file run.tsv (TSV, C-alpha atoms)
chain	number	residue	atom	x	y	z
Y	1	MET	CA	-23.80	-4.17	-22.06
Y	2	GLU	CA	-24.99	-5.48	-18.69
Y	3	SER	CA	-24.41	-9.05	-19.86
Y	4	LEU	CA	-20.69	-8.50	-20.41
Y	5	THR	CA	-18.45	-10.64	-18.26
Y	6	ASP	CA	-16.04	-8.97	-15.84
Y	7	GLU	CA	-13.11	-10.07	-17.95
Y	8	LYS	CA	-14.59	-8.53	-21.13
Y	9	ILE	CA	-15.29	-5.29	-19.29
Y	10	MET	CA	-11.68	-5.14	-18.15
Y	11	LEU	CA	-10.52	-5.70	-21.71
Y	12	GLU	CA	-12.71	-2.80	-22.84
Y	13	VAL	CA	-11.16	-0.63	-20.12
Y	14	LYS	CA	-7.77	-1.81	-21.31
Y	15	ASN	CA	-8.67	-0.57	-24.80
Y	16	GLY	CA	-9.30	2.91	-23.43
Y	17	LYS	CA	-13.04	2.81	-22.73
Y	18	LYS	CA	-12.75	3.93	-19.15
Y	19	GLU	CA	-16.50	4.46	-18.72
Y	20	TYR	CA	-16.86	0.67	-18.70
Y	21	PHE	CA	-15.13	0.65	-15.34
Y	22	ASN	CA	-18.33	2.08	-13.85
Y	23	MET	CA	-19.86	-1.34	-14.42
Y	24	ILE	CA	-17.13	-2.92	-12.32
Y	25	LEU	CA	-17.82	-0.35	-9.62
Y	26	ASP	CA	-21.54	-1.10	-9.77
Y	27	ARG	CA	-20.96	-4.82	-9.47
Y	28	TYR	CA	-18.27	-5.01	-6.85
Y	29	TYR	CA	-17.81	-1.78	-4.92
Y	30	LYS	CA	-20.29	-2.74	-2.20
Y	31	THR	CA	-19.05	-6.31	-1.80
Y	32	VAL	CA	-15.42	-5.22	-1.59
Y	33	LEU	CA	-16.37	-2.49	0.87
Y	34	ASN	CA	-18.06	-5.08	3.10
Y	35	TYR	CA	-15.18	-7.51	2.69
Y	36	ALA	CA	-12.75	-4.82	3.81
Y	37	PHE	CA	-15.09	-3.81	6.61
Y	38	ARG	CA	-15.19	-7.38	7.93
Y	39	ILE	CA	-11.43	-7.74	7.70
Y	40	THR	CA	-10.51	-4.39	9.25
Y	41	GLY	CA	-13.55	-3.90	11.48
Y	42	ASN	CA	-13.51	-0.19	10.71
Y	43	ARG	CA	-15.63	1.67	8.18
Y	44	GLY	CA	-13.13	4.45	7.49
Y	45	GLU	CA	-10.34	2.00	6.81
Y	46	ALA	CA	-12.67	-0.14	4.72
Y	47	GLU	CA	-13.53	2.86	2.52
Y	48	ASP	CA	-9.86	3.71	2.06
Y	49	VAL	CA	-9.03	0.09	1.24
Y	50	THR	CA	-11.88	-0.11	-1.27
Y	51	GLN	CA	-10.88	3.13	-3.01
Y	52	GLU	CA	-7.27	1.99	-3.22
Y	53	THR	CA	-8.25	-1.46	-4.46
Y	54	PHE	CA	-10.36	-0.16	-7.34
Y	55	SER	CA	-7.83	2.52	-8.14
Y	56	LYS	CA	-5.12	-0.14	-8.48
Y	57	ILE	CA	-7.36	-2.32	-10.60
Y	58	TYR	CA	-8.17	0.61	-12.87
Y	59	PHE	CA	-4.51	1.47	-13.42
Y	60	ALA	CA	-3.61	-2.21	-13.80
Y	61	ALA	CA	-6.15	-2.55	-16.62
Y	62	LYS	CA	-3.43	-1.59	-19.14
Y	63	ARG	CA	-1.60	-4.78	-18.25
Y	64	TYR	CA	-4.67	-6.93	-17.56
Y	65	GLN	CA	-4.62	-10.49	-18.88
Y	66	PRO	CA	-7.74	-12.61	-18.31
Y	67	LEU	CA	-5.76	-15.63	-17.13
Y	68	SER	CA	-7.73	-16.26	-13.94
Y	69	SER	CA	-11.14	-15.17	-12.74
Y	70	PHE	CA	-11.64	-11.45	-12.24
Y	71	LYS	CA	-13.03	-12.06	-8.76
Y	72	ALA	CA	-9.81	-13.76	-7.70
Y	73	PHE	CA	-7.82	-10.84	-9.15
Y	74	LEU	CA	-10.06	-8.32	-7.40
Y	75	TYR	CA	-9.94	-9.95	-3.97
Y	76	THR	CA	-6.20	-10.58	-4.21
Y	77	ILE	CA	-5.66	-6.83	-4.41
Y	78	ALA	CA	-8.33	-6.15	-1.79
Y	79	PHE	CA	-6.74	-8.66	0.60
Y	80	ARG	CA	-3.31	-7.07	0.17
Y	81	GLU	CA	-4.76	-3.63	0.81
Y	82	CYS	CA	-6.49	-4.92	3.94
Y	83	LEU	CA	-3.22	-6.38	5.21
Y	84	LYS	CA	-1.52	-3.05	4.53
Y	85	ALA	CA	-4.22	-1.25	6.50
Y	86	LEU	CA	-3.87	-3.71	9.39
Y	87	GLY	CA	-0.08	-3.37	9.24
Y	88	LYS	CA	-0.32	0.42	9.42
Y	89	ARG	CA	-2.47	0.21	12.46
Y	90	LYS	CA	0.10	-2.04	14.16
Y	91	ASN	CA	-2.10	-2.92	17.05
Y	92	ILE	CA	-4.83	-5.41	17.64
Y	93	ILE	CA	-8.33	-4.08	17.54
Y	94	GLU	CA	-9.57	-3.72	21.04
Y	95	LEU	CA	-13.10	-4.74	21.65
Y	96	SER	CA	-13.91	-1.33	23.08
Y	97	SER	CA	-13.02	0.28	19.76
Y	98	LEU	CA	-15.49	-1.92	18.02
Y	99	HIS	CA	-18.40	-0.29	19.80
Y	100	GLU	CA	-18.29	2.60	17.36
Y	101	PRO	CA	-21.38	4.32	16.07
Y	102	LYS	CA	-22.62	2.14	13.30
Y	103	SER	CA	-23.75	3.19	9.90
Y	104	GLN	CA	-27.34	4.22	9.41
Y	105	ASP	CA	-27.76	1.63	6.73
Y	106	ASN	CA	-27.58	-1.28	9.13
Y	107	PRO	CA	-29.96	-3.88	7.81
Y	108	VAL	CA	-30.62	-5.41	11.21
Y	109	SER	CA	-33.27	-3.40	12.93
Y	110	THR	CA	-33.89	-4.81	16.37
Y	111	LEU	CA	-31.58	-4.34	19.32
Y	112	GLU	CA	-31.24	-8.11	19.64
Y	113	ASN	CA	-30.09	-8.43	16.07
Y	114	LYS	CA	-27.64	-5.57	16.51
Y	115	GLU	CA	-26.16	-7.32	19.49
Y	116	LYS	CA	-25.90	-10.55	17.53
Y	117	ALA	CA	-24.19	-8.77	14.68
Y	118	MET	CA	-21.74	-7.11	17.03
Y	119	ILE	CA	-20.90	-10.38	18.79
Y	120	VAL	CA	-20.25	-12.15	15.49
Y	121	LYS	CA	-18.23	-9.24	14.17
Y	122	ASN	CA	-16.06	-9.25	17.30
Y	123	ALA	CA	-15.64	-13.00	17.03
Y	124	LEU	CA	-14.55	-12.67	13.40
Y	125	LEU	CA	-11.99	-10.05	14.32
Y	126	LYS	CA	-10.38	-12.47	16.77
Y	127	LEU	CA	-9.34	-14.74	13.92
Y	128	LYS	CA	-6.02	-14.41	12.14
Y	129	PRO	CA	-6.33	-12.16	9.05
Y	130	ILE	CA	-5.67	-15.00	6.62
Y	131	HIS	CA	-8.21	-17.30	8.34
Y	132	ARG	CA	-10.67	-14.44	8.53
Y	133	SER	CA	-10.19	-13.64	4.89
Y	134	ALA	CA	-10.65	-17.26	3.82
Y	135	LEU	CA	-13.86	-17.54	5.80
Y	136	ILE	CA	-15.27	-14.21	4.60
Y	137	LEU	CA	-14.48	-14.96	0.97
Y	138	ARG	CA	-16.28	-18.25	1.29
Y	139	GLU	CA	-19.26	-17.26	3.44
Y	140	TYR	CA	-19.95	-13.73	2.25
Y	141	GLN	CA	-18.40	-13.33	-1.17
Y	142	ASN	CA	-19.27	-16.86	-2.33
Y	143	LEU	CA	-15.89	-17.47	-3.93
Y	144	SER	CA	-15.00	-21.03	-4.83
Y	145	TYR	CA	-12.20	-22.80	-2.96
Y	146	GLU	CA	-10.05	-22.50	-6.09
Y	147	GLU	CA	-10.57	-18.76	-6.25
Y	148	ILE	CA	-9.84	-18.37	-2.54
Y	149	SER	CA	-6.62	-20.35	-2.94
Y	150	GLN	CA	-5.62	-17.93	-5.74
Y	151	VAL	CA	-6.40	-14.93	-3.56
Y	152	LEU	CA	-4.50	-16.27	-0.55
Y	153	LYS	CA	-1.71	-17.76	-2.67
Y	154	CYS	CA	-1.95	-21.19	-1.06
Y	155	SER	CA	-2.98	-24.70	-2.04
Y	156	LEU	CA	-6.54	-25.92	-2.24
Y	157	ALA	CA	-6.01	-28.18	0.77
Y	158	ALA	CA	-4.58	-25.30	2.78
Y	159	THR	CA	-7.56	-23.15	1.83
Y	160	LYS	CA	-10.02	-25.75	3.06
Y	161	ASN	CA	-7.94	-26.15	6.18
Y	162	TYR	CA	-8.02	-22.37	6.83
Y	163	ILE	CA	-11.78	-22.29	6.46
Y	164	PHE	CA	-12.33	-25.33	8.65
Y	165	ARG	CA	-9.97	-24.02	11.35
Y	166	SER	CA	-11.53	-20.59	11.31
Y	167	LYS	CA	-15.01	-22.05	11.59
Y	168	GLU	CA	-13.91	-24.26	14.43
Y	169	GLN	CA	-12.28	-21.33	16.20
Y	170	LEU	CA	-15.33	-19.20	15.63
Y	171	LYS	CA	-17.55	-21.97	16.92
Y	172	ASN	CA	-15.43	-22.19	20.09
Y	173	ILE	CA	-15.60	-18.43	20.59
Y	174	LEU	CA	-19.35	-18.40	20.11
Y	175	LYS	CA	-19.95	-21.78	21.79
Y	176	PRO	CA	-21.48	-20.46	25.02
Y	177	ILE	CA	-23.99	-18.49	23.02
Y	178	LEU	CA	-24.57	-21.21	20.44
Y	179	SER	CA	-25.19	-23.80	23.19
Y	180	ARG	CA	-27.75	-21.58	24.84
Y	181	GLY	CA	-29.40	-21.07	21.51
Y	182	ALA	CA	-29.23	-17.33	22.04
Y	183	LEU	CA	-28.41	-16.77	18.42
O	184	MET	CA	-16.10	-43.37	8.52
O	185	THR	CA	-14.25	-42.13	11.58
O	186	CYS	CA	-14.88	-38.87	13.45
O	187	LYS	CA	-11.73	-37.39	11.95
O	188	GLN	CA	-12.75	-38.32	8.41
O	189	LEU	CA	-16.16	-36.81	9.08
O	190	GLN	CA	-14.58	-33.55	10.17
O	191	GLU	CA	-12.45	-33.47	7.05
O	192	THR	CA	-15.48	-33.86	4.81
O	193	MET	CA	-17.83	-31.67	6.82
O	194	LEU	CA	-17.34	-28.55	4.68
O	195	ASP	CA	-18.03	-30.48	1.50
O	196	TYR	CA	-21.12	-32.04	3.12
O	197	ILE	CA	-22.47	-28.60	4.05
O	198	ASP	CA	-21.75	-27.38	0.52
O	199	GLY	CA	-23.46	-30.49	-0.89
O	200	LYS	CA	-20.35	-31.52	-2.75
O	201	LEU	CA	-19.98	-35.06	-1.39
O	202	GLU	CA	-20.41	-38.09	-3.62
O	203	GLN	CA	-23.50	-40.20	-2.99
O	204	ALA	CA	-21.54	-42.99	-1.29
O	205	GLU	CA	-19.59	-40.56	0.89
O	206	SER	CA	-22.74	-38.70	1.83
O	207	THR	CA	-24.40	-41.95	2.91
O	208	GLU	CA	-21.40	-42.87	5.02
O	209	PHE	CA	-21.46	-39.41	6.52
O	210	LYS	CA	-25.10	-39.73	7.53
O	211	VAL	CA	-24.61	-43.26	8.94
O	212	HIS	CA	-21.81	-41.98	11.15
O	213	LEU	CA	-23.86	-39.00	12.28
O	214	ASP	CA	-26.74	-41.27	13.37
O	215	LYS	CA	-24.55	-43.12	15.80
O	216	CYS	CA	-22.17	-40.33	16.94
O	217	ALA	CA	-23.72	-37.63	19.09
O	218	SER	CA	-20.55	-35.47	19.28
O	219	CYS	CA	-20.25	-35.34	15.49
O	220	GLN	CA	-23.95	-34.51	15.22
O	221	ASP	CA	-23.36	-31.72	17.73
O	222	GLU	CA	-20.37	-30.48	15.75
O	223	LEU	CA	-22.37	-30.37	12.53
O	224	ASP	CA	-25.24	-28.55	14.24
O	225	HIS	CA	-22.84	-25.91	15.49
O	226	PHE	CA	-21.33	-25.51	12.03
O	227	LEU	CA	-24.75	-25.08	10.47
O	228	MET	CA	-25.76	-22.60	13.16
O	229	LEU	CA	-22.56	-20.74	12.55
O	230	HIS	CA	-23.35	-20.59	8.86
O	231	ASP	CA	-26.63	-18.85	9.70
O	232	VAL	CA	-25.10	-16.69	12.38
O	233	LEU	CA	-22.50	-15.30	10.00
O	234	LYS	CA	-25.30	-13.95	7.85
O	235	THR	CA	-26.46	-11.72	10.69
O	236	THR	CA	-23.39	-9.52	10.63
O	237	GLU	CA	-23.68	-5.87	9.86
O	238	GLU	CA	-23.54	-4.86	6.23
O	239	ILE	CA	-22.63	-1.39	5.05
O	240	VAL	CA	-23.40	0.42	1.83
O	241	PRO	CA	-21.11	2.83	0.00
O	242	ALA	CA	-21.56	6.58	0.27
O	243	PRO	CA	-23.88	7.95	-2.46
O	244	ASP	CA	-21.04	9.88	-4.12
O	245	TYR	CA	-18.55	7.03	-4.10
O	246	LYS	CA	-18.16	7.05	-7.88
O	247	GLU	CA	-17.40	10.78	-8.02
O	248	LYS	CA	-14.84	10.33	-5.25
O	249	PHE	CA	-13.29	7.40	-7.07
O	250	TRP	CA	-12.95	9.21	-10.41
O	251	SER	CA	-11.58	12.35	-8.82
O	252	ALA	CA	-8.98	10.21	-7.01
O	253	VAL	CA	-8.12	8.57	-10.33
O	254	ASP	CA	-7.74	12.00	-12.00
O	255	ARG	CA	-5.47	13.20	-9.20
O	256	LYS	CA	-3.30	10.12	-9.56
O	257	ASN	CA	-3.24	10.49	-13.33
O	258	HIS	CA	-2.11	14.09	-13.02
O	259	PHE	CA	0.54	13.17	-10.47
O	260	TRP	CA	1.88	10.34	-12.62
O	261	ASN	CA	1.89	12.41	-15.77
O	262	SER	CA	3.81	15.26	-14.18
O	263	THR	CA	6.17	12.94	-12.30
O	264	THR	CA	6.79	10.79	-15.33
O	265	SER	CA	7.55	13.71	-17.62
O	266	LYS	CA	9.91	15.20	-15.03
O	267	LEU	CA	11.64	11.87	-14.63
O	268	ILE	CA	12.04	11.57	-18.41
O	269	TYR	CA	13.58	15.06	-18.72
O	270	TYR	CA	15.94	14.52	-15.79
O	271	GLY	CA	16.88	11.10	-17.14
O	272	ILE	CA	17.75	12.46	-20.58
O	273	ALA	CA	19.81	15.31	-19.09
O	274	ALA	CA	21.72	12.97	-16.77
O	275	SER	CA	22.39	10.47	-19.57
O	276	LEU	CA	23.69	13.24	-21.83
O	277	MET	CA	26.04	14.52	-19.13
O	278	ILE	CA	27.39	11.05	-18.43
O	279	PHE	CA	27.88	10.43	-22.16
O	280	LEU	CA	29.75	13.69	-22.66
O	281	SER	CA	31.93	13.02	-19.59
O	282	ILE	CA	32.88	9.61	-20.94
O	283	LEU	CA	33.72	11.11	-24.34
O	284	MET	CA	35.84	13.81	-22.75
O	285	PHE	CA	37.86	11.49	-20.53
O	286	ARG	CA	38.25	8.84	-23.20
O	287	TYR	CA	39.27	10.91	-26.21
O	288	TYR	CA	40.61	14.24	-24.94
O	289	PRO	CA	44.42	13.86	-25.26
O	290	GLY	CA	45.55	16.83	-23.18
O	291	THR	CA	48.49	19.05	-24.26
O	292	ASP	CA	52.16	18.38	-24.82
O	293	GLN	CA	55.06	20.32	-23.32
O	294	ASN	CA	54.66	23.15	-25.78
O	295	GLY	CA	51.00	23.52	-24.81
O	296	THR	CA	49.74	22.37	-28.20
O	297	VAL	CA	46.79	20.02	-28.47
O	298	PRO	CA	47.52	16.96	-30.60
O	299	LYS	CA	44.99	16.02	-33.21
O	300	PRO	CA	42.31	13.64	-31.91
O	301	THR	CA	42.83	10.02	-32.79
O	302	GLU	CA	40.26	7.62	-34.06
O	303	PRO	CA	38.25	5.80	-31.36
O	304	GLY	CA	40.00	2.70	-30.08
O	305	LYS	CA	43.49	3.74	-31.20
O	306	PRO	CA	46.08	4.64	-28.59
O	307	ILE	CA	47.01	8.26	-28.28
O	308	PRO	CA	50.62	8.81	-29.55
O	309	TYR	CA	52.90	10.37	-27.02
O	310	VAL	CA	54.86	13.08	-28.83
O	311	THR	CA	57.51	15.25	-27.20
O	312	GLN	CA	59.83	17.85	-28.61
O	313	LEU	CA	62.97	18.49	-26.63
O	314	SER	CA	64.28	21.99	-26.36
O	315	PRO	CA	67.91	22.60	-27.48
O	316	GLN	CA	68.99	22.91	-23.83
O	317	ASP	CA	67.38	19.53	-23.03
O	318	GLU	CA	69.16	17.91	-25.98
O	319	GLU	CA	72.52	19.29	-24.82
O	320	ASP	CA	71.92	17.99	-21.31
O	321	ASP	CA	70.99	14.56	-22.65
O	322	GLN	CA	74.13	14.47	-24.74
O	323	PHE	CA	76.24	15.34	-21.72
O	324	ILE	CA	74.58	12.68	-19.56
O	325	MET	CA	75.20	10.06	-22.23
O	326	GLU	CA	78.86	11.05	-22.47
O	327	MET	CA	79.24	10.82	-18.73
O	328	ASN	CA	77.59	7.41	-18.69
O	329	ASP	CA	80.06	6.19	-21.30
O	330	ILE	CA	82.94	7.41	-19.23
O	331	ILE	CA	81.69	5.95	-15.96
O	332	GLU	CA	80.76	2.55	-17.36
O	333	SER	CA	83.80	2.04	-19.63
O	334	PRO	CA	86.91	0.20	-18.27
O	335	VAL	CA	89.82	2.41	-17.21
O	336	SER	CA	92.18	0.95	-19.84
O	337	SER	CA	89.89	1.91	-22.70
O	338	LEU	CA	89.75	5.54	-21.73
O	339	ASN	CA	90.77	7.82	-24.49
O	340	ASN	CA	93.70	10.07	-23.71
O	341	SER	CA	91.71	12.91	-25.15
O	342	PHE	CA	89.77	13.01	-21.88
O	343	ALA	CA	92.95	13.31	-19.89
O	344	ILE	CA	94.06	16.72	-18.78
O	345	THR	CA	96.80	18.22	-20.84
O	346	GLU	CA	99.97	19.78	-19.59
O	347	GLU	CA	98.69	23.16	-20.57
O	348	GLU	CA	95.51	22.67	-18.67
O	349	LEU	CA	97.41	21.54	-15.65
O	350	LYS	CA	99.52	24.64	-15.80
O	351	SER	CA	96.55	26.86	-16.22
O	352	ILE	CA	94.80	25.24	-13.30
O	353	SER	CA	97.83	25.52	-11.07
O	354	SER	CA	98.26	29.17	-12.01
O	355	GLU	CA	94.51	29.64	-11.40
O	356	LYS	CA	93.97	31.04	-14.83
O	357	PRO	CA	90.78	30.36	-16.78
O	358	ALA	CA	90.89	27.43	-19.12
O	359	SER	CA	92.37	28.26	-22.45
O	360	LYS	CA	90.72	27.75	-25.75
O	361	THR	CA	93.14	24.94	-26.63
O	362	THR	CA	90.91	22.14	-25.46
O	363	PRO	CA	88.99	21.30	-28.61
O	364	ASN	CA	88.03	17.79	-27.52
O	365	ARG	CA	86.10	18.99	-24.47
O	366	THR	CA	84.24	21.97	-25.77
O	367	LYS	CA	80.92	20.21	-25.44
O	368	SER	CA	81.67	18.90	-22.00
O	369	LYS	CA	80.48	20.89	-19.09
O	370	LEU	CA	82.74	19.25	-16.57
O	371	ASN	CA	84.10	21.66	-14.08
O	372	PRO	CA	87.86	21.64	-14.56
O	373	ALA	CA	88.42	22.08	-10.86
O	374	PHE	CA	86.50	18.89	-10.27
O	375	THR	CA	87.97	16.75	-13.06
O	376	ALA	CA	91.61	17.77	-12.77
O	377	PRO	CA	92.81	15.48	-9.94
O	378	LEU	CA	90.94	12.51	-11.31
O	379	PHE	CA	92.26	12.61	-14.85
O	380	THR	CA	95.76	13.61	-13.86
O	381	GLU	CA	96.30	10.19	-12.36
O	382	PHE	CA	95.27	8.46	-15.58
O	383	SER	CA	97.40	10.55	-17.88

call {"tool": "encode", "arguments": {"input": "run.tsv", "output": "structure tokens"}}
result
Amino acid sequence: MESLTDEKIMLEVKNGKKEYFNMILDRYYKTVLNYAFRITGNRGEAEDVTQETFSKIYFAAKRYQPLSSFKAFLYTIAFRECLKALGKRKNIIELSSLHEPKSQDNPVSTLENKEKAMIVKNALLKLKPIHRSALILREYQNLSYEEISQVLKCSLAATKNYIFRSKEQLKNILKPILSRGAL
Amino acid sequence: MTCKQLQETMLDYIDGKLEQAESTEFKVHLDKCASCQDELDHFLMLHDVLKTTEEIVPAPDYKEKFWSAVDRKNHFWNSTTSKLIYYGIAASLMIFLSILMFRYYPGTDQNGTVPKPTEPGKPIPYVTQLSPQDEEDDQFIMEMNDIIESPVSSLNNSFAITEEELKSISSEKPASKTTPNRTKSKLNPAFTAPLFTEFS
């Protein structure tokens, strides 16, 4: 059962075996949660986005057609939900709001690493949502350029351009630190 | 390879997706261009730096929360959908009956009787029954029209006032019964007398 592809699992869910959806949750809940967290910069919003994303995927299973990769389908919905969450907020995240108490499950243990993580997170949040999403999908979720272009509904060239521009922008934001070799 | 071309292929180089020839060109350019080398170093550092960001894990009961949210939505949709179906059927039925009523209900005639319904698509016949008084009035109006529209020369002398009538009018006595030709007419003798006297 573990060896089933995502697409086959979705087809099983489509046929009424809803318990199969637990496998989708096991495989992707954490990654989508982190994707949403990196896009929104807020844990509460990320949890809401993740719940809504999987809920929509579950109810869409009745109409599911395995035409493209499941990952692309999943992150398309997640990206839309993130944009909705950002739209609801209607204001740019201020840096002060980013210094929230962090979760206890932070993998970085030392103070230096925490600072690094916070600086990078703040730098990511300065990017445009679509650039940020392209970069996160590539760097963290390991999606192919083709899958990212499906998620963002743009061409392959535009996808590569988004990623390159976002990396360049990020490099410029972090340049003083990168030059000093602080990171 | 120019600096611009190198930038365009940098992502593919980092991902190891460049062809052998392109990769060689890339490296040759890097050896002689310090700024491009610097750029690549920063990109590679960035790649590592991005891995240092905070990662969160879901709450332990995330599955229970998810399934309870799904159940709530299911319940909401089921109740809303069934309500919508009932309301939709009721509204459709009302609209259908209204259309039937306005299309095929013929109303009543002057006597208050309801004509028999016609078959769909056929025009409703307009049936009237005149009362005896209405028929008498119509007859009188037709007679008057004939008189008004006919030339003076063709007027029948029977419409002219008789000597007896003239006498009775002048003596202000009620009209005698000796006017058989005008029994149906309701012309007031006082009104018609001067007019027809001239013609006679």

call {"tool": "closest_residue", "arguments": {"input": "run.tsv", "among": "O:Cys186, O:Asp195, O:Asp231, O:Glu238", "to": "chain Y", "atoms": "only C-alpha atoms"}}
result
O:Glu238

call {"tool": "interface_residues", "arguments": {"input": "run.tsv", "of": "chain O", "to": "chain Y", "cutoff": "12 Å", "atoms": "all atoms listed in the file", "output": "PDB file with C-alpha atoms, in the frame of the given file"}}
result
ATOM      1  CA  GLN O 190     -14.580 -33.550  10.170  1.00  0.00           C
ATOM      2  CA  GLU O 191     -12.450 -33.470   7.050  1.00  0.00           C
ATOM      3  CA  THR O 192     -15.480 -33.860   4.810  1.00  0.00           C
ATOM      4  CA  MET O 193     -17.830 -31.670   6.820  1.00  0.00           C
ATOM      5  CA  LEU O 194     -17.340 -28.550   4.680  1.00  0.00           C
ATOM      6  CA  ASP O 195     -18.030 -30.480   1.500  1.00  0.00           C
ATOM      7  CA  ILE O 197     -22.470 -28.600   4.050  1.00  0.00           C
ATOM      8  CA  ASP O 198     -21.750 -27.380   0.520  1.00  0.00           C
ATOM      9  CA  LYS O 200     -20.350 -31.520  -2.750  1.00  0.00           C
ATOM     10  CA  ASP O 221     -23.360 -31.720  17.730  1.00  0.00           C
ATOM     11  CA  GLU O 222     -20.370 -30.480  15.750  1.00  0.00           C
ATOM     12  CA  LEU O 223     -22.370 -30.370  12.530  1.00  0.00           C
ATOM     13  CA  ASP O 224     -25.240 -28.550  14.240  1.00  0.00           C
ATOM     14  CA  HIS O 225     -22.840 -25.910  15.490  1.00  0.00           C
ATOM     15  CA  PHE O 226     -21.330 -25.510  12.030  1.00  0.00           C
ATOM     16  CA  LEU O 227     -24.750 -25.080  10.470  1.00  0.00           C
ATOM     17  CA  MET O 228     -25.760 -22.600  13.160  1.00  0.00           C
ATOM     18  CA  LEU O 229     -22.560 -20.740  12.550  1.00  0.00           C
ATOM     19  CA  HIS O 230     -23.350 -20.590   8.860  1.00  0.00           C
ATOM     20  CA  ASP O 231     -26.630 -18.850   9.700  1.00  0.00           C
ATOM     21  CA  VAL O 232     -25.100 -16.690  12.380  1.00  0.00           C
ATOM     22  CA  LEU O 233     -22.500 -15.300  10.000  1.00  0.00           C
ATOM     23  CA  LYS O 234     -25.300 -13.950   7.850  1.00  0.00           C
ATOM     24  CA  THR O 235     -26.460 -11.720  10.690  1.00  0.00           C
ATOM     25  CA  THR O 236     -23.390  -9.520  10.630  1.00  0.00           C
ATOM     26  CA  GLU O 237     -23.680  -5.870   9.860  1.00  0.00           C
ATOM     27  CA  GLU O 238     -23.540  -4.860   6.230  1.00  0.00           C
ATOM     28  CA  ILE O 239     -22.630  -1.390   5.050  1.00  0.00           C
ATOM     29  CA  VAL O 240     -23.400   0.420   1.830  1.00  0.00           C
ATOM     30  CA  PRO O 241     -21.110   2.830   0.000  1.00  0.00           C
ATOM     31  CA  ALA O 242     -21.560   6.580   0.270  1.00  0.00           C
ATOM     32  CA  PRO O 243     -23.880   7.950  -2.460  1.00  0.00           C
ATOM     33  CA  TYR O 245     -18.550   7.030  -4.100  1.00  0.00           C
ATOM     34  CA  LYS O 246     -18.160   7.050  -7.880  1.00  0.00           C
ATOM     35  CA  GLU O 247     -17.400  10.780  -8.020  1.00  0.00           C
ATOM     36  CA  LYS O 248     -14.840  10.330  -5.250  1.00  0.00           C
ATOM     37  CA  PHE O 249     -13.290   7.400  -7.070  1.00  0.00           C
ATOM     38  CA  TRP O 250     -12.950   9.210 -10.410  1.00  0.00           C
ATOM     39  CA  SER O 251     -11.580  12.350  -8.820  1.00  0.00           C
ATOM     40  CA  ALA O 252      -8.980  10.210  -7.010  1.00  0.00           C
ATOM     41  CA  VAL O 253      -8.120   8.570 -10.330  1.00  0.00           C
ATOM     42  CA  ASP O 254      -7.740  12.000 -12.000  1.00  0.00           C
ATOM     43  CA  ARG O 255      -5.470  13.200  -9.200  1.00  0.00           C
ATOM     44  CA  LYS O 256      -3.300  10.120  -9.560  1.00  0.00           C
ATOM     45  CA  ASN O 257      -3.240  10.490 -13.330  1.00  0.00           C
ATOM     46  CA  TRP O 260       1.880  10.340 -12.620  1.00  0.00           C
TER      47      TRP O 260
END

call {"tool": "atom_distance", "arguments": {"input": "run.tsv", "atom1": "atom CA of Y:Phe73", "atom2": "atom CA of Y:Ala46"}}
result
18.2 Å

call {"tool": "axis_aligned_box", "arguments": {"input": "run.tsv", "around": "stretch 123-127 of chain Y", "padding_each_side": "6 Å", "output": "AutoDock Vina command-line options"}}
result
--center_x -12.5 --center_y -12.4 --center_z 15.2 --size_x 18.3 --size_y 16.7 --size_z 15.6

call {"tool": "atom_distance", "arguments": {"input": "run.tsv", "atom1": "atom CA of Y:Glu147", "atom2": "atom CA of Y:Ser68"}}
result
8.6 Å

call {"tool": "atom_distance", "arguments": {"input": "run.tsv", "atom1": "atom CA of Y:Tyr64", "atom2": "atom CA of Y:Lys14"}}
result
7.1 Å

call {"tool": "decode", "arguments": {"input": "run.tsv", "residues": "stretch 135-142 of chain Y", "atoms": "N, CA and C atoms", "output": "PDB file, in the first residue's frame"}}
result
ATOM      1  N   LEU Y 135      10.705  30.096  -5.823  1.00  0.00           N
ATOM      2  CA  LEU Y 135      11.960  29.730  -5.164  1.00  0.00           C
ATOM      3  C   LEU Y 135      11.758  28.610  -4.132  1.00  0.00           C
ATOM      4  N   ILE Y 136      10.705  28.749  -3.334  1.00  0.00           N
ATOM      5  CA  ILE Y 136      10.443  27.750  -2.287  1.00  0.00           C
ATOM      6  C   ILE Y 136      10.131  26.388  -2.898  1.00  0.00           C
ATOM      7  N   LEU Y 137       9.318  26.412  -3.965  1.00  0.00           N
ATOM      8  CA  LEU Y 137       8.962  25.136  -4.607  1.00  0.00           C
ATOM      9  C   LEU Y 137      10.200  24.447  -5.175  1.00  0.00           C
ATOM     10  N   ARG Y 138      11.135  25.256  -5.620  1.00  0.00           N
ATOM     11  CA  ARG Y 138      12.351  24.678  -6.197  1.00  0.00           C
ATOM     12  C   ARG Y 138      13.322  24.232  -5.101  1.00  0.00           C
ATOM     13  N   GLU Y 139      13.575  25.116  -4.138  1.00  0.00           N
ATOM     14  CA  GLU Y 139      14.621  24.864  -3.152  1.00  0.00           C
ATOM     15  C   GLU Y 139      14.185  23.922  -2.028  1.00  0.00           C
ATOM     16  N   TYR Y 140      12.928  24.046  -1.622  1.00  0.00           N
ATOM     17  CA  TYR Y 140      12.490  23.260  -0.465  1.00  0.00           C
ATOM     18  C   TYR Y 140      11.642  22.055  -0.846  1.00  0.00           C
ATOM     19  N   GLN Y 141      10.775  22.228  -1.835  1.00  0.00           N
ATOM     20  CA  GLN Y 141       9.855  21.148  -2.180  1.00  0.00           C
ATOM     21  C   GLN Y 141      10.398  20.273  -3.312  1.00  0.00           C
ATOM     22  N   ASN Y 142      11.518  20.711  -3.895  1.00  0.00           N
ATOM     23  CA  ASN Y 142      12.182  19.943  -4.960  1.00  0.00           C
ATOM     24  C   ASN Y 142      11.270  19.644  -6.161  1.00  0.00           C
TER      25      ASN Y 142
END
